[in-house]
Amino acid sequence: MANKVFNVLFLCTGNTARSIMAEVLLNAMGKGRFRAYSAGSHPKGRVHPLTLELIAKNRMSTADLRSKDWAEFAKPGAPPLDFVFTVCDNAAGEVCPVWPGQPMSAHWGIPDPAAVGGSEEEQHKAFFTAYSQLFNRISIFVNLPLAKLDRLSLQKKLDEIGKIGTETPQA
């Protein structure tokens, strides 16, 4: 397990923003221990321009990013998945394909920055907020002692990570 590379799939509906950001972040932060992918239940076929802009501003490559259908990862020959995370509310309620190997899964819902209208400043802020929330969650995930956690404990940790940043402040 010490040398294992974990395959992680981030799912969303359109695969244009949050799941793409998560894929890029985990591939960068995972330091070779993780190989991240992203997909959508109804992919738009293009990555949102503000997603690409934000990733490029953070000095990460956008070269191979594309919006793709989650069915690619349920086919024979697809990478065996260790973890599957939904990062938007729509995908959490949808019926997902059956993933071979029973990967661990959790819902890490993030508000959709691509759905934010308004000024350019408001749109940029929404993308930055989504990126920051994913950065924080993935930072915790990559530092989990995976080899020391049993499946039940690991599931609890994954579920807890999905709640980070969603707490409502107490009055």
# chains A, B, ... in the order shown; residues from 1 in each chain; ligands from 1
call {"tool": "residues_around", "arguments": {"residues": "Glu53 of chain A", "least_positions_apart": "6", "cutoff": "12 Å", "atoms": "only C-alpha atoms", "output": "ChimeraX atom specification"}}
result
/A:17,21,47,59-62,124,127-128,131
call {"tool": "select_by_dssp", "arguments": {"residues": "chain A", "states": "strand (DSSP E or B)", "output": "count of residues only"}}
result
23
call {"tool": "residues_around", "arguments": {"residues": "segment 10-13 of chain A", "least_positions_apart": "6", "cutoff": "7 Å", "atoms": "only C-alpha atoms", "output": "list in words"}}
result
Ser19, Ala22, Glu23, Tyr37, Ser38, Ala39, Gly40, Ser41, His42, Pro43, Val84, Phe85, Thr86, Val87, Cys88, Asn90 and Ala91 of chain A
call {"tool": "closest_atom_pairs", "arguments": {"of": "segment 22-140 of chain A", "to": "segment 159-163 of chain A", "cutoff": "8 Å", "atoms": "only C-alpha atoms", "output": "JSON lines"}}
result
{"residue": "A:Ala106", "atom": "CA", "partner": "A:Asp159", "partner_atom": "CA", "distance": 5.7}
{"residue": "A:His107", "atom": "CA", "partner": "A:Gly162", "partner_atom": "CA", "distance": 5.9}
{"residue": "A:Trp108", "atom": "CA", "partner": "A:Gly162", "partner_atom": "CA", "distance": 4.0}
{"residue": "A:Gly109", "atom": "CA", "partner": "A:Gly162", "partner_atom": "CA", "distance": 6.7}
{"residue": "A:Arg137", "atom": "CA", "partner": "A:Ile161", "partner_atom": "CA", "distance": 5.8}
{"residue": "A:Ile140", "atom": "CA", "partner": "A:Ile161", "partner_atom": "CA", "distance": 7.3}
